[in-house]
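Colleague: I have a structure here, written as structure tokens, and I will follow up with some questions on it.
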Amino acid sequence: MIDPLIVLIISASLALLFYMAARHKMSAPAQFKAQLAAYELLPEFILPAVSKMIPYVEMAIVFLILVPVTRPAAAVVAALLLTVYALAMAVNMLRGRANIDCGCGGHPQLLSFWLLVRNAVIITGSCLLLAPVSDRAVVWIDSLFVVLMTALLAVVYQLVEQLVRNHSFSDDRVDSHG
């Protein structure tokens, strides 16, 4: 059994993550469509529909993962979506096409092993939401802790993203000049 505090922290963190991802895609739909096309995994005729659908699926996850009764379904959809993203990245890396923007957020970020690790960690968090939850009562201090831990995880996530972004571009410079 998992403590309800852990469930709330993971749920809030995933909601924030998917909100930021969806917001980015919705604010720059042409850019996201181009990023999706760069993967060369989907037929051209389906790209417009898929590029419009993905941010709405992500936004649905935001709301559904915060509601206890819909949380398990949202966690499954989140894990599946992140798995598809990871597979798309892995396929392109195996093709030798790591020099494309992952489409993960507002800043360009080249495909890398670290993005696969990041997705695996987030998928694990999503899957933890499927575990049975203990019936411990959530008290007011737990709510404060959820806010603080979600904020801390958001900061850690941004730091890791920046490190991965810096690493991917430094590798690109070494590969192109070495």
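The chains in the structure tokens are called A, B, ... from first to last as shown; in each chain the residues are counted from 1, and the ligands are counted from 1 in the order shown.
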So which residues touch Ala28 in chain A within 12 Å, counting only C-alpha atoms, skipping near sequence neighbours fewer than 2 positions away, as a PDB file with N, CA and C atoms, in the first residue's frame?

Modeller:
```
ATOM      1  N   ALA A  21       3.406  20.951 -20.476  1.00  0.00           N
ATOM      2  CA  ALA A  21       3.613  20.345 -21.797  1.00  0.00           C
ATOM      3  C   ALA A  21       2.476  20.712 -22.749  1.00  0.00           C
ATOM      4  N   ALA A  22       1.242  20.601 -22.277  1.00  0.00           N
ATOM      5  CA  ALA A  22       0.082  20.918 -23.122  1.00  0.00           C
ATOM      6  C   ALA A  22       0.055  22.401 -23.474  1.00  0.00           C
ATOM      7  N   ARG A  23       0.342  23.241 -22.501  1.00  0.00           N
ATOM      8  CA  ARG A  23       0.332  24.688 -22.730  1.00  0.00           C
ATOM      9  C   ARG A  23       1.341  25.067 -23.816  1.00  0.00           C
ATOM     10  N   HIS A  24       2.527  24.469 -23.745  1.00  0.00           N
ATOM     11  CA  HIS A  24       3.549  24.744 -24.762  1.00  0.00           C
ATOM     12  C   HIS A  24       3.046  24.343 -26.147  1.00  0.00           C
ATOM     13  N   LYS A  25       2.485  23.159 -26.250  1.00  0.00           N
ATOM     14  CA  LYS A  25       2.028  22.663 -27.551  1.00  0.00           C
ATOM     15  C   LYS A  25       0.859  23.485 -28.082  1.00  0.00           C
ATOM     16  N   MET A  26      -0.028  23.903 -27.182  1.00  0.00           N
ATOM     17  CA  MET A  26      -1.189  24.700 -27.601  1.00  0.00           C
ATOM     18  C   MET A  26      -0.794  26.122 -27.999  1.00  0.00           C
ATOM     19  N   ALA A  30       2.053  25.147 -34.695  1.00  0.00           N
ATOM     20  CA  ALA A  30       2.845  24.898 -35.910  1.00  0.00           C
ATOM     21  C   ALA A  30       4.226  24.345 -35.556  1.00  0.00           C
ATOM     22  N   GLN A  31       4.809  24.885 -34.501  1.00  0.00           N
ATOM     23  CA  GLN A  31       6.121  24.401 -34.057  1.00  0.00           C
ATOM     24  C   GLN A  31       6.015  22.951 -33.584  1.00  0.00           C
ATOM     25  N   PHE A  32       4.967  22.631 -32.818  1.00  0.00           N
ATOM     26  CA  PHE A  32       4.813  21.259 -32.338  1.00  0.00           C
ATOM     27  C   PHE A  32       4.581  20.302 -33.505  1.00  0.00           C
ATOM     28  N   LYS A  33       3.786  20.716 -34.473  1.00  0.00           N
ATOM     29  CA  LYS A  33       3.550  19.868 -35.646  1.00  0.00           C
ATOM     30  C   LYS A  33       4.870  19.593 -36.365  1.00  0.00           C
ATOM     31  N   ALA A  34       5.722  20.611 -36.499  1.00  0.00           N
ATOM     32  CA  ALA A  34       7.033  20.436 -37.142  1.00  0.00           C
ATOM     33  C   ALA A  34       7.921  19.500 -36.322  1.00  0.00           C
ATOM     34  N   GLN A  35       7.872  19.635 -34.994  1.00  0.00           N
ATOM     35  CA  GLN A  35       8.661  18.750 -34.132  1.00  0.00           C
ATOM     36  C   GLN A  35       8.186  17.312 -34.282  1.00  0.00           C
ATOM     37  N   SER A  51      -1.143  16.150 -34.055  1.00  0.00           N
ATOM     38  CA  SER A  51      -0.517  17.294 -33.382  1.00  0.00           C
ATOM     39  C   SER A  51      -1.545  18.151 -32.649  1.00  0.00           C
ATOM     40  N   LYS A  52      -2.789  18.130 -33.094  1.00  0.00           N
ATOM     41  CA  LYS A  52      -3.852  18.852 -32.383  1.00  0.00           C
ATOM     42  C   LYS A  52      -4.404  18.038 -31.215  1.00  0.00           C
ATOM     43  N   PRO A  55      -2.026  17.651 -27.320  1.00  0.00           N
ATOM     44  CA  PRO A  55      -2.140  18.592 -26.196  1.00  0.00           C
ATOM     45  C   PRO A  55      -3.458  18.464 -25.434  1.00  0.00           C
ATOM     46  N   GLY A 103      10.658  18.039 -28.752  1.00  0.00           N
ATOM     47  CA  GLY A 103       9.297  18.561 -28.666  1.00  0.00           C
ATOM     48  C   GLY A 103       8.755  18.487 -27.255  1.00  0.00           C
ATOM     49  N   GLY A 105       9.261  20.608 -24.653  1.00  0.00           N
ATOM     50  CA  GLY A 105       8.932  21.838 -23.944  1.00  0.00           C
ATOM     51  C   GLY A 105       9.286  23.051 -24.767  1.00  0.00           C
ATOM     52  N   GLY A 106       9.357  24.180 -24.123  1.00  0.00           N
ATOM     53  CA  GLY A 106       9.576  25.440 -24.812  1.00  0.00           C
ATOM     54  C   GLY A 106      10.963  25.617 -25.399  1.00  0.00           C
ATOM     55  N   HIS A 107      11.971  25.009 -24.795  1.00  0.00           N
ATOM     56  CA  HIS A 107      13.345  25.183 -25.256  1.00  0.00           C
ATOM     57  C   HIS A 107      13.757  23.986 -26.103  1.00  0.00           C
TER      58      HIS A 107
END
```

Colleague: Using only C-alpha atoms, which residues sit within 12 Å of Pro68 in chain A once same-chain residues fewer than 2 positions away are excluded, as JSON, numbers by chain?

Modeller: {"A": [4, 7, 8, 11, 12, 63, 64, 65, 66, 70, 71, 72, 73, 74, 75, 129, 130, 132, 133]}

Colleague: Given only C-alpha atoms as the basis, pick out the residue of A:Leu163, A:Leu36, A:Ile122, A:Tyr56 nearest to Leu17 in chain A.

Modeller: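 The shortest atom-to-atom distance to Leu17 in chain A comes from A:Ile122.
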
Colleague: Taking only chain A into account, list the residues labelled alpha helix (DSSP H) by DSSP (computed from the backbone), as an NGL selection string.

Modeller: :A and (4-27 or 29-38 or 47-64 or 71-94 or 113-128 or 140-177)

Colleague: Using only C-alpha atoms, which of A:Ala15, A:Ile9, A:Val121, A:Ile2 sits nearest Leu148 in chain A?

Modeller: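 Comparing A:Ala15, A:Ile9, A:Val121, A:Ile2 against Leu148 in chain A, the winner is A:Ile9.
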